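A.B. asks: This is the content of entry-v8.cif (mmCIF, C-alpha atoms and all ligand atoms):
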data_query
#
loop_
_atom_site.label_atom_id
_atom_site.label_comp_id
_atom_site.auth_asym_id
_atom_site.auth_seq_id
_atom_site.Cartn_x
_atom_site.Cartn_y
_atom_site.Cartn_z
CA MET S 217 -17.82 23.71 -39.90
CA ILE S 218 -16.87 22.44 -43.36
CA ILE S 219 -14.37 19.58 -43.60
CA GLY S 220 -12.48 19.23 -46.89
CA ILE S 221 -10.98 15.93 -48.02
CA PRO S 222 -8.56 16.42 -50.94
CA LYS S 223 -7.09 13.52 -52.90
CA GLU S 224 -3.62 12.43 -51.76
CA THR S 225 -0.93 13.47 -54.24
CA LEU S 226 2.17 11.55 -53.11
CA PRO S 227 2.95 8.92 -55.78
CA GLY S 228 1.80 5.47 -54.63
CA GLU S 229 -0.36 6.82 -51.79
CA ALA S 230 -3.71 5.02 -52.07
CA ARG S 231 -5.27 6.01 -48.74
CA VAL S 232 -7.93 8.64 -48.22
CA ALA S 233 -8.30 10.52 -44.94
CA ILE S 234 -12.04 9.90 -44.43
CA SER S 235 -13.93 6.74 -45.41
CA PRO S 236 -17.65 6.87 -46.30
CA ASP S 237 -18.83 5.25 -43.04
CA VAL S 238 -16.86 7.74 -40.94
CA ALA S 239 -18.11 10.59 -43.17
CA MET S 240 -21.66 9.55 -42.30
CA LYS S 241 -20.87 9.64 -38.54
CA LEU S 242 -19.29 13.09 -38.83
CA GLY S 243 -22.28 14.34 -40.82
CA ASN S 244 -24.55 13.14 -38.00
CA LYS S 245 -22.49 15.28 -35.60
CA GLY S 246 -23.20 18.43 -37.60
CA PHE S 247 -20.08 18.65 -39.79
CA SER S 248 -20.49 19.34 -43.53
CA LEU S 249 -18.10 17.33 -45.67
CA ARG S 250 -16.64 18.01 -49.11
CA LEU S 251 -14.62 15.41 -50.98
CA GLU S 252 -12.43 16.03 -54.00
CA SER S 253 -13.94 13.87 -56.73
CA GLY S 254 -12.13 10.52 -56.94
CA ALA S 255 -10.20 10.98 -53.66
CA GLY S 256 -11.35 7.59 -52.33
CA LEU S 257 -11.02 5.56 -55.53
CA ASP S 258 -7.59 4.02 -54.85
CA ALA S 259 -8.84 2.86 -51.44
CA GLY S 260 -11.91 1.28 -53.05
CA TYR S 261 -14.40 4.03 -52.14
CA HIS S 262 -16.39 5.62 -54.98
CA ASP S 263 -17.84 9.13 -55.09
CA ASP S 264 -21.31 7.52 -54.97
CA ASP S 265 -20.46 5.87 -51.61
CA TYR S 266 -19.66 9.30 -50.22
CA VAL S 267 -22.74 10.90 -51.75
CA ALA S 268 -24.83 8.20 -50.00
CA ALA S 269 -23.09 9.24 -46.75
CA GLY S 270 -24.15 12.86 -47.27
CA VAL S 271 -20.84 14.17 -48.63
CA GLU S 272 -20.70 16.84 -51.33
CA ILE S 273 -18.37 16.01 -54.24
CA VAL S 274 -16.30 19.03 -55.27
CA ASP S 275 -13.18 19.96 -57.24
CA ARG S 276 -9.72 20.09 -55.68
CA ALA S 277 -9.64 23.85 -55.07
CA THR S 278 -12.98 23.75 -53.25
CA ALA S 279 -11.94 20.80 -51.06
CA LEU S 280 -8.74 22.63 -50.06
CA ALA S 281 -10.53 25.90 -49.28
CA SER S 282 -12.49 24.41 -46.36
CA ASP S 283 -12.55 25.40 -42.66
CA LEU S 284 -10.73 22.22 -41.75
CA VAL S 285 -8.74 20.06 -44.18
CA VAL S 286 -7.92 16.42 -43.46
CA LYS S 287 -5.26 14.48 -45.30
CA VAL S 288 -3.04 11.49 -44.66
CA ARG S 289 0.29 12.80 -45.97
CA LYS S 290 2.12 16.04 -45.46
CA PRO S 291 0.74 18.86 -47.65
CA THR S 292 2.73 20.22 -50.57
CA LEU S 293 3.53 23.92 -50.81
CA ASP S 294 0.91 24.15 -53.59
CA GLU S 295 -1.70 22.65 -51.28
CA VAL S 296 -0.78 25.06 -48.50
CA ALA S 297 -1.28 27.94 -50.96
CA GLY S 298 -4.80 26.63 -51.62
CA LEU S 299 -5.80 26.45 -47.93
CA LYS S 300 -8.00 29.11 -46.42
CA GLU S 301 -6.27 31.60 -44.10
CA GLY S 302 -6.77 30.55 -40.50
CA ALA S 303 -7.95 27.04 -41.47
CA LEU S 304 -7.23 23.95 -39.38
CA TYR S 305 -5.20 21.15 -40.97
CA LEU S 306 -5.12 17.55 -39.71
CA GLY S 307 -2.70 14.94 -41.02
CA PHE S 308 0.78 13.47 -40.67
CA LEU S 309 3.15 16.44 -40.87
CA GLU S 310 6.14 14.09 -41.23
CA THR S 311 8.71 16.54 -40.00
CA CYS S 312 11.22 16.66 -37.18
CA ASP S 313 12.50 20.05 -38.30
CA GLU S 314 10.78 23.18 -37.01
CA LYS S 315 12.28 25.14 -39.95
CA ASP S 316 10.50 22.83 -42.42
CA GLU S 317 9.34 25.04 -45.32
CA VAL S 318 5.84 23.58 -45.50
CA LEU S 319 5.30 24.20 -41.79
CA GLN S 320 6.65 27.73 -42.12
CA ALA S 321 4.35 28.39 -45.09
CA MET S 322 1.41 27.18 -42.99
CA PHE S 323 2.30 29.46 -40.08
CA GLN S 324 2.70 32.45 -42.40
CA ARG S 325 -0.86 31.95 -43.59
CA GLY S 326 -2.20 31.53 -40.07
CA ILE S 327 -3.03 27.87 -40.62
CA ARG S 328 -3.20 25.74 -37.50
CA PRO S 329 -1.73 22.30 -38.24
CA LEU S 330 -2.33 19.30 -35.98
CA ALA S 331 0.26 16.57 -36.55
CA MET S 332 -1.17 13.08 -36.17
CA GLU S 333 2.28 11.69 -35.30
CA ARG S 334 2.36 13.92 -32.22
CA ILE S 335 -0.69 12.36 -30.58
CA PRO S 336 0.80 11.17 -27.28
CA ARG S 337 0.93 7.44 -26.59
CA ILE S 338 -1.33 7.60 -23.51
CA SER S 339 -4.40 5.43 -22.80
CA ARG S 340 -6.96 8.17 -23.43
CA ALA S 341 -5.45 8.93 -26.84
CA GLN S 342 -5.30 5.33 -28.09
CA SER S 343 -8.36 5.72 -30.31
CA MET S 344 -6.72 8.76 -31.99
CA ASP S 345 -3.25 7.26 -32.38
CA ALA S 346 -2.90 7.10 -36.16
CA LEU S 347 0.80 6.24 -36.02
CA SER S 348 -0.13 3.07 -34.14
CA SER S 349 -3.17 2.19 -36.28
CA GLN S 350 -1.04 2.42 -39.42
CA SER S 351 2.01 0.67 -37.91
CA ASN S 352 -0.23 -2.18 -36.86
CA ILE S 353 -1.17 -2.65 -40.51
CA ALA S 354 2.47 -2.36 -41.55
CA GLY S 355 3.50 -5.10 -39.10
CA TYR S 356 0.81 -7.45 -40.39
CA ARG S 357 1.60 -6.75 -44.05
CA ALA S 358 5.35 -7.11 -43.42
CA ALA S 359 4.88 -10.65 -42.11
CA ILE S 360 2.63 -11.54 -45.06
CA GLU S 361 5.20 -10.06 -47.44
CA ALA S 362 7.98 -12.08 -45.79
CA ALA S 363 5.98 -15.30 -46.07
CA ALA S 364 5.17 -14.62 -49.73
CA ARG S 365 8.80 -13.85 -50.65
CA TYR S 366 10.27 -16.77 -48.70
CA GLY S 367 10.47 -19.75 -51.02
CA ARG S 368 9.74 -22.25 -48.24
CA PHE S 369 7.03 -22.96 -45.68
CA PHE S 370 6.46 -20.92 -42.53
CA PRO S 371 4.76 -23.74 -40.57
CA LEU S 372 5.92 -27.23 -39.68
CA MET S 373 4.69 -29.46 -42.49
CA MET S 374 4.35 -33.24 -42.26
CA THR S 375 3.13 -34.65 -45.53
CA SER S 376 3.35 -37.97 -47.37
CA ALA S 377 5.84 -36.26 -49.66
CA GLY S 378 8.13 -35.21 -46.82
CA SER S 379 8.37 -33.07 -43.71
CA VAL S 380 9.76 -29.58 -43.21
CA LYS S 381 10.71 -27.69 -40.08
CA PRO S 382 9.03 -24.35 -39.37
CA ALA S 383 10.74 -21.17 -40.56
CA ARG S 384 12.80 -19.34 -37.99
CA VAL S 385 11.60 -15.72 -37.91
CA VAL S 386 13.31 -12.99 -35.90
CA VAL S 387 11.50 -9.72 -35.29
CA LEU S 388 13.65 -6.77 -34.21
CA GLY S 389 11.82 -4.00 -32.36
CA ALA S 390 8.67 -5.04 -30.50
CA GLY S 391 6.68 -1.82 -30.67
CA VAL S 392 3.36 -1.59 -32.47
CA ALA S 393 4.52 -2.87 -35.88
CA GLY S 394 6.84 -5.46 -34.34
CA LEU S 395 4.21 -7.00 -32.05
CA GLN S 396 1.77 -7.31 -34.96
CA ALA S 397 4.51 -8.86 -37.12
CA ILE S 398 5.18 -11.38 -34.32
CA ALA S 399 1.48 -12.21 -33.97
CA THR S 400 1.05 -12.64 -37.73
CA ALA S 401 4.18 -14.77 -38.19
CA LYS S 402 3.01 -16.96 -35.26
CA ARG S 403 -0.42 -17.37 -36.87
CA LEU S 404 1.33 -18.47 -40.06
CA GLY S 405 3.07 -21.18 -38.03
CA ALA S 406 6.65 -19.87 -37.86
CA GLU S 407 8.99 -20.25 -34.90
CA VAL S 408 9.30 -16.64 -33.79
CA TYR S 409 12.05 -14.90 -31.81
CA ALA S 410 11.99 -11.22 -30.97
CA TYR S 411 14.26 -8.58 -29.55
CA ASP S 412 13.67 -5.07 -28.28
CA ILE S 413 15.90 -2.68 -26.44
CA ARG S 414 13.14 -1.86 -23.92
CA PRO S 415 13.02 -4.61 -21.25
CA GLU S 416 9.28 -4.08 -20.66
CA THR S 417 8.52 -5.62 -24.08
CA ARG S 418 9.70 -9.07 -22.90
CA GLU S 419 6.33 -9.92 -21.39
CA GLN S 420 4.45 -8.76 -24.50
CA ILE S 421 6.71 -10.88 -26.74
CA GLU S 422 6.07 -13.93 -24.56
CA SER S 423 2.33 -13.32 -24.41
CA LEU S 424 2.24 -13.68 -28.21
CA GLY S 425 3.99 -17.05 -28.00
CA ALA S 426 7.37 -15.82 -29.29
CA LYS S 427 10.73 -16.28 -27.60
CA PRO S 428 12.47 -13.11 -26.37
CA ILE S 429 16.14 -12.68 -27.21
CA ASP S 430 18.00 -11.31 -24.18
CA LEU S 431 21.15 -9.24 -24.61
CA ASP S 432 23.22 -7.60 -21.92
CA LEU S 433 24.20 -4.23 -23.38
CA GLY S 434 25.15 -2.71 -20.06
CA GLU S 435 22.76 0.18 -20.81
CA GLU S 436 19.08 0.93 -20.24
CA GLY S 437 17.12 1.28 -23.52
CA SER S 438 13.82 2.77 -22.33
CA GLY S 439 13.24 6.43 -23.09
CA GLU S 440 10.31 8.81 -22.72
CA GLY S 441 6.69 8.25 -23.72
CA GLY S 442 7.01 4.52 -24.45
CA TYR S 443 9.80 5.08 -26.97
CA ALA S 444 13.39 3.86 -26.85
CA ARG S 445 16.37 6.12 -26.30
CA GLU S 446 19.44 6.12 -28.48
CA LEU S 447 22.31 3.91 -27.33
CA SER S 448 25.93 4.98 -26.95
CA ASP S 449 28.26 3.97 -29.81
CA GLU S 450 29.81 1.25 -27.62
CA ALA S 451 26.40 -0.24 -26.82
CA LYS S 452 25.38 -0.11 -30.50
CA ALA S 453 28.50 -2.05 -31.49
CA ARG S 454 27.92 -4.54 -28.69
CA GLN S 455 24.31 -4.99 -29.77
CA GLN S 456 25.33 -5.80 -33.37
CA GLU S 457 27.91 -8.27 -32.13
CA LEU S 458 25.60 -10.02 -29.67
CA LEU S 459 22.75 -10.26 -32.19
CA ALA S 460 24.91 -11.59 -35.04
CA ASP S 461 24.70 -15.36 -34.37
CA GLU S 462 20.97 -15.23 -33.64
CA LEU S 463 20.31 -13.30 -36.88
CA ALA S 464 22.60 -15.44 -39.06
CA ARG S 465 20.47 -18.48 -38.09
CA ALA S 466 17.20 -16.73 -39.05
CA HIS S 467 15.37 -17.55 -42.28
CA VAL S 468 13.31 -14.38 -42.08
CA ILE S 469 14.10 -11.12 -40.28
CA ILE S 470 11.49 -8.41 -39.87
CA THR S 471 13.03 -5.21 -38.54
CA THR S 472 11.01 -2.38 -37.01
CA ALA S 473 13.48 -0.63 -34.69
CA LEU S 474 12.81 3.07 -34.46
CA ILE S 475 13.62 6.06 -32.32
CA PRO S 476 11.51 9.04 -33.42
CA CYS S 477 13.39 11.68 -35.40
CA ARG S 478 16.62 9.69 -35.41
CA PRO S 479 18.17 7.63 -38.22
CA ALA S 480 17.20 3.96 -37.93
CA PRO S 481 19.68 1.97 -35.79
CA VAL S 482 21.71 -0.57 -37.77
CA LEU S 483 20.94 -4.01 -36.35
CA VAL S 484 21.58 -6.33 -39.30
CA THR S 485 25.07 -5.80 -40.69
CA GLU S 486 26.35 -6.89 -44.09
CA SER S 487 28.45 -9.61 -42.47
CA VAL S 488 25.28 -11.08 -40.95
CA VAL S 489 23.50 -10.98 -44.33
CA LYS S 490 26.45 -12.88 -45.86
CA ARG S 491 26.03 -15.62 -43.24
CA MET S 492 22.28 -16.10 -43.81
CA ARG S 493 20.96 -19.08 -45.79
CA GLU S 494 20.38 -18.56 -49.53
CA GLY S 495 16.79 -17.40 -50.14
CA SER S 496 16.32 -15.93 -46.66
CA VAL S 497 14.23 -12.75 -46.44
CA ILE S 498 14.72 -9.45 -44.63
CA VAL S 499 11.74 -7.11 -44.50
CA ASP S 500 13.05 -3.76 -43.29
CA LEU S 501 10.22 -1.55 -42.07
CA ALA S 502 12.67 1.22 -41.28
CA ALA S 503 13.72 1.51 -44.95
CA ALA S 504 12.43 5.09 -45.21
CA ASN S 505 14.77 6.18 -42.39
CA GLY S 506 17.91 4.52 -43.70
CA GLY S 507 16.97 0.96 -42.74
CA ASN S 508 17.86 -1.34 -39.86
CA CYS S 509 19.98 -3.14 -42.46
CA PRO S 510 22.32 -0.93 -44.53
CA LEU S 511 21.79 -3.13 -47.61
CA THR S 512 18.06 -2.36 -47.81
CA GLU S 513 16.98 0.00 -50.60
CA ALA S 514 13.89 2.11 -49.98
CA ASP S 515 10.90 1.09 -52.10
CA LYS S 516 12.79 -1.72 -53.77
CA VAL S 517 13.10 -5.47 -53.45
CA VAL S 518 16.72 -6.47 -54.04
CA ARG S 519 18.77 -9.66 -53.68
CA LYS S 520 22.18 -9.35 -52.07
CA HIS S 521 24.46 -12.20 -50.96
CA GLY S 522 21.55 -14.52 -51.85
CA VAL S 523 19.19 -12.77 -49.38
CA ILE S 524 16.00 -11.01 -50.48
CA LEU S 525 15.78 -7.53 -48.96
CA VAL S 526 12.37 -5.85 -49.01
CA GLY S 527 12.31 -2.08 -48.49
CA HIS S 528 8.70 -1.03 -49.09
CA THR S 529 8.03 2.22 -47.25
CA ASN S 530 4.25 2.34 -47.40
CA TYR S 531 2.62 -0.90 -46.35
CA PRO S 532 -0.57 0.78 -45.07
CA SER S 533 -1.17 2.03 -48.61
CA MET S 534 -1.09 -1.58 -49.84
CA MET S 535 -4.11 -2.19 -47.61
CA ALA S 536 -5.68 1.16 -48.35
CA GLY S 537 -9.32 0.29 -47.62
CA ASP S 538 -8.80 -0.81 -44.02
CA ALA S 539 -5.94 1.64 -43.46
CA SER S 540 -8.20 4.53 -44.52
CA THR S 541 -11.02 3.39 -42.25
CA PHE S 542 -8.67 3.11 -39.25
CA TYR S 543 -7.17 6.51 -40.03
CA ALA S 544 -10.61 8.07 -40.49
CA ASN S 545 -11.70 6.67 -37.12
CA ASN S 546 -8.57 8.19 -35.51
CA ILE S 547 -9.46 11.55 -37.08
CA ALA S 548 -13.11 11.34 -35.99
CA ASN S 549 -12.07 10.52 -32.41
CA LEU S 550 -9.71 13.50 -32.40
CA LEU S 551 -12.43 15.78 -33.77
CA ALA S 552 -14.68 14.58 -30.93
CA ILE S 553 -12.34 16.17 -28.36
CA MET S 554 -11.57 19.24 -30.48
CA PHE S 555 -15.19 20.33 -30.91
CA GLU S 556 -18.22 20.66 -28.65
CA GLN S 557 -21.80 20.49 -29.79
CA ALA S 558 -23.48 23.86 -29.86
CA GLU S 559 -26.47 25.46 -31.50
CA GLY S 560 -25.51 26.18 -35.09
CA GLY S 561 -23.04 23.27 -35.28
CA PRO S 562 -19.78 22.05 -33.75
CA GLN S 563 -17.74 24.75 -31.98
CA LEU S 564 -13.94 24.59 -31.75
CA LYS S 565 -12.65 24.33 -28.16
CA ASP S 566 -9.46 25.88 -26.85
CA LEU S 567 -6.93 23.34 -28.16
CA SER S 568 -4.34 24.24 -25.54
CA GLU S 569 -6.61 22.99 -22.75
CA ASP S 570 -6.46 19.30 -23.57
CA GLU S 571 -3.06 17.57 -23.36
CA ILE S 572 -3.81 15.57 -26.53
CA THR S 573 -4.77 18.49 -28.79
CA ALA S 574 -2.07 20.66 -27.21
CA ALA S 575 0.55 18.04 -28.10
CA ALA S 576 -0.72 17.62 -31.68
CA LEU S 577 -1.09 21.33 -32.43
CA MET S 578 2.07 22.75 -33.99
CA THR S 579 2.91 26.38 -33.36
CA PRO S 580 5.75 28.63 -34.55
CA GLN S 581 7.27 28.19 -31.06
CA ASP S 582 7.66 24.40 -31.50
N1 LIG S 601 7.40 0.61 -44.20
C1 LIG S 601 6.18 0.97 -43.85
O1 LIG S 601 5.25 0.92 -44.62
C2 LIG S 601 5.95 1.44 -42.46
C3 LIG S 601 4.67 1.75 -41.97
C4 LIG S 601 4.51 2.12 -40.64
C5 LIG S 601 5.63 2.20 -39.82
N2 LIG S 601 6.85 1.92 -40.36
C6 LIG S 601 8.09 1.96 -39.59
O2 LIG S 601 8.07 0.84 -38.74
C7 LIG S 601 8.90 1.10 -37.64
C8 LIG S 601 8.19 0.79 -36.32
O3 LIG S 601 7.08 1.63 -36.12
P1 LIG S 601 6.26 1.50 -34.77
O4 LIG S 601 5.09 2.41 -34.87
O5 LIG S 601 6.07 0.07 -34.44
O6 LIG S 601 7.26 2.16 -33.75
P2 LIG S 601 7.38 1.85 -32.19
O7 LIG S 601 8.02 3.04 -31.59
O8 LIG S 601 6.07 1.39 -31.65
O9 LIG S 601 8.36 0.62 -32.18
C9 LIG S 601 9.72 0.70 -32.45
C10 LIG S 601 10.41 -0.24 -31.49
O10 LIG S 601 11.78 -0.27 -31.82
C11 LIG S 601 12.49 -0.44 -30.60
N3 LIG S 601 13.89 -0.07 -30.77
C12 LIG S 601 14.44 1.16 -30.93
N4 LIG S 601 15.76 1.07 -31.05
C13 LIG S 601 16.06 -0.25 -30.97
C14 LIG S 601 17.27 -0.98 -31.03
N5 LIG S 601 18.46 -0.38 -31.20
N6 LIG S 601 17.20 -2.33 -30.92
C15 LIG S 601 16.02 -2.95 -30.74
N7 LIG S 601 14.85 -2.32 -30.67
C16 LIG S 601 14.87 -0.99 -30.79
C17 LIG S 601 11.75 0.47 -29.64
O11 LIG S 601 11.99 0.13 -28.29
C18 LIG S 601 10.30 0.21 -30.03
O12 LIG S 601 9.70 -0.83 -29.27
C19 LIG S 601 9.32 2.56 -37.79
O13 LIG S 601 10.59 2.61 -38.41
C20 LIG S 601 8.28 3.13 -38.70
O14 LIG S 601 8.73 4.27 -39.40
C21 LIG S 601 7.02 1.54 -41.64
#
Take the structure from the file and write it as C-alpha cells.

C.D. replies:
Amino acid sequence: MIIGIPKETLPGEARVAISPDVAMKLGNKGFSLRLESGAGLDAGYHDDDYVAAGVEIVDRATALASDLVVKVRKPTLDEVAGLKEGALYLGFLETCDEKDEVLQAMFQRGIRPLAMERIPRISRAQSMDALSSQSNIAGYRAAIEAAARYGRFFPLMMTSAGSVKPARVVVLGAGVAGLQAIATAKRLGAEVYAYDIRPETREQIESLGAKPIDLDLGEEGSGEGGYARELSDEAKARQQELLADELARAHVIITTALIPCRPAPVLVTESVVKRMREGSVIVDLAAANGGNCPLTEADKVVRKHGVILVGHTNYPSMMAGDASTFYANNIANLLAIMFEQAEGGPQLKDLSEDEITAAALMTPQD
C-alpha cells in the first residue's frame, strides 16, 4: 500500500499531512510512503528528514497517483484529476454540501474520500479526532495572539513603578478551542470568564479556574454528538442582550462559538464593540464562517470603534510543526483501524464495519 503526501496548495497553508516521525512509524507497519519534494518545508521538515525516515521523495504527479493520498486541506479539482481511480483519500473535505463539485468529481472517478471532520466525537476516536487536535492549537494561539495585540498586561502586576489589575478576558464557546483558550489565558494570568450554550460545559470552565457566565435563555442548547443546537431567533436575541454588559466590560474577548455547517452565531454586536474600552481586543475564531462578531474581517486585523478585531482563519498553520505532527498522529491512528496486518503488507478492512471509518467515509448517498 503506497501512501502519497502531496504539498498543500492553499495559499498560507504551511502544514503537511505526515511528519517524518510518523512516516517512520507507518513505514515500520509495512506502508510505503512517497512525499512530494518540499511538502514539509513550511512546517520545518526537510526532504532529508523524510529520507532518513524511509520516505521516497517524488514529484507532485507521482505523489498524487498513489493508492492512498493524505492531505490536510480539501483537494482541488486539478488534484482530483491526478488521483488514481479507486484510490483512498484522507483529509479535511471541508464541505457541508453533498453536491460539492470536488466531492462529485471524486465519486465519478471511484475515489473513496474519508473526511477527517466527520470522525465522531466518541472516546475511542479521540486519538483520530483531527478537528479537535487542530482546534486545540487554535485556542492556544488565539489567546497568545490576544495577549500580544492587547497593549496592556494580562496578569496582575505589582511593581515599584506602579500596579495594574489583571486583564478581564471573556471566552465565548467552551468547546475544544474555547477550553484551550481559557487555559492559556489563565496561565498568562488573566481573570477569565466563559460562556457556552451547553450547560455541561460549566464544570469544565470551573475546573480550569475560570468563572462561568450563566444566562437564562429559556431554551436548551445541547444538541447531538457533543455539539450545540441552533437557538430560536427569540433566544438568539435574548442571548445577545443578556451577554452585552458582561462583554462591554471585557478587555479581551475570544469567540469560538460554532454549530457545524451553520453560519456562526452573532454573540458580540456592534453596539457592544462601541462600549468596549479603547485598545480592547476581539479574537474571532469563527471568522471563516461569518464571525461571532459581525465587524470581524476574515484573515485581517482591523480596528473599529477603537477595538482591535483579529480574524485569522488558520491558526494551526501558524504553528505548523506541531500542528502537522498532531494531524499526522490522527491520520496514523485512523490508518491503524482501517488496515490489518497481513502477509504482503497492510490489507484494507471493510470500512463500513467500524462506526468510526463508516462515519468518515463519504459516499454518493451522503
Ligand atoms: N481560526 C482558526 O484558525 C480556527 C482553527 C480551528 C477552529 N476554528 C474555529 O473555532 C471554532 C471552535 O471550534 P471547536 O473545534 O472548538 O468547536 P466545538 O464544537 O468544540 O466548540 C464550539 C462551542 O461553541 C458552543 N456554541 C455554539 N453556539 C453557541 C452560542 N450561540 N453561544 C455560546 N456557545 C455556543 C458549542 O456549545 C461548543 O461548545 C469554530 O468556529 C472553528 O471553525 C478556527

A.B. asks: Excluding Arg231 in chain S and residues on its chain fewer than 2 positions from it, collect all residues at most 8 Å away from it, counting all atoms listed in the file, and give them as a VMD selection string.

C.D. replies: chain S and resid 224 229 233 256 258 to 259 288 532 to 533 536 to 537 539 to 540

A.B. asks: Write out as a count of residues only which residues come within 12 Å of range 503-515 of chain S when counting only C-alpha atoms, dropping same-chain ones fewer than 5 positions away.

C.D. replies: 43

A.B. asks: Could you check which of S:Leu550, S:Glu569, S:Thr278, S:Arg403 is closest to Arg340 in chain S, using only C-alpha atoms?

C.D. replies: S:Leu550

A.B. asks: Please compute the CA of Met578 in chain S-CA of Asp275 in chain S distance, one decimal, in Å.

C.D. replies: 27.9 Å

A.B. asks: Check the smallest atom-to-atom distance from each of S:Leu551, S:Pro382, S:Ile398, S:Gly307 to Leu242 in chain S using only C-alpha atoms, then report the winner.

C.D. replies: S:Leu551

A.B. asks: Which is closest to ligand LIG 601 (chain S) among S:Leu249, S:Val271, S:Ala401, S:Ala444, if we use all atoms listed in the file?

C.D. replies: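 Between S:Leu249, S:Val271, S:Ala401, S:Ala444, the residue approaching ligand LIG 601 (chain S) most closely is S:Ala444.
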
A.B. asks: Expressed in Å to a single decimal, how great is the separation between CA of Ile219 in chain S and atom N1 of ligand LIG 601 (chain S)?

C.D. replies: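 We find that CA of Ile219 in chain S and atom N1 of ligand LIG 601 (chain S) lie 28.9 Å from each other.
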
A.B. asks: Up to 12 Å from (-21.1, 2.5, -42.7) in the file's coordinates: name the residues, counting all atoms listed in the file, as a list in words.

C.D. replies: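 Looking at atoms near the point gives Ile234, Ser235, Pro236, Asp237, Val238, Ala239, Met240, Lys241, Leu242, Tyr261, Asp265, Tyr266, Ala268, Ala269, Gly270, Thr541 and Asn545 of chain S.
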
A.B. asks: What is the CA of Arg414 in chain S-CA of Phe370 in chain S distance in Å, reported with one decimal?

C.D. replies: 27.5 Å

A.B. asks: Go ahead and find all residues with at least one atom no further than 12 Å from (-16.0, 23.6, -35.4) in the file's coordinates, using only C-alpha atoms; report them as a VMD selection string.

C.D. replies: chain S and resid 217 to 219 242 245 to 248 282 to 285 303 to 304 551 to 567

A.B. asks: For Leu458 in chain S, which of S:Glu446, S:Asp430, S:Glu436, S:Glu416 is the closest residue, counting only C-alpha atoms?

C.D. replies: S:Asp430

A.B. asks: Taking all atoms listed in the file into account, name the residue in S:Ala576, S:Val296, S:Ala364, S:Met534 that is nearest to ligand LIG 601 (chain S).

C.D. replies: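 Ranked by minimum distance to ligand LIG 601 (chain S), first place goes to S:Met534.
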
A.B. asks: Can you work out which one of S:Ala354, S:Ala279, S:Ala362, S:Ala383 has the shortest atom-to-atom distance to Ser253 in chain S, counting all atoms listed in the file?

C.D. replies: S:Ala279
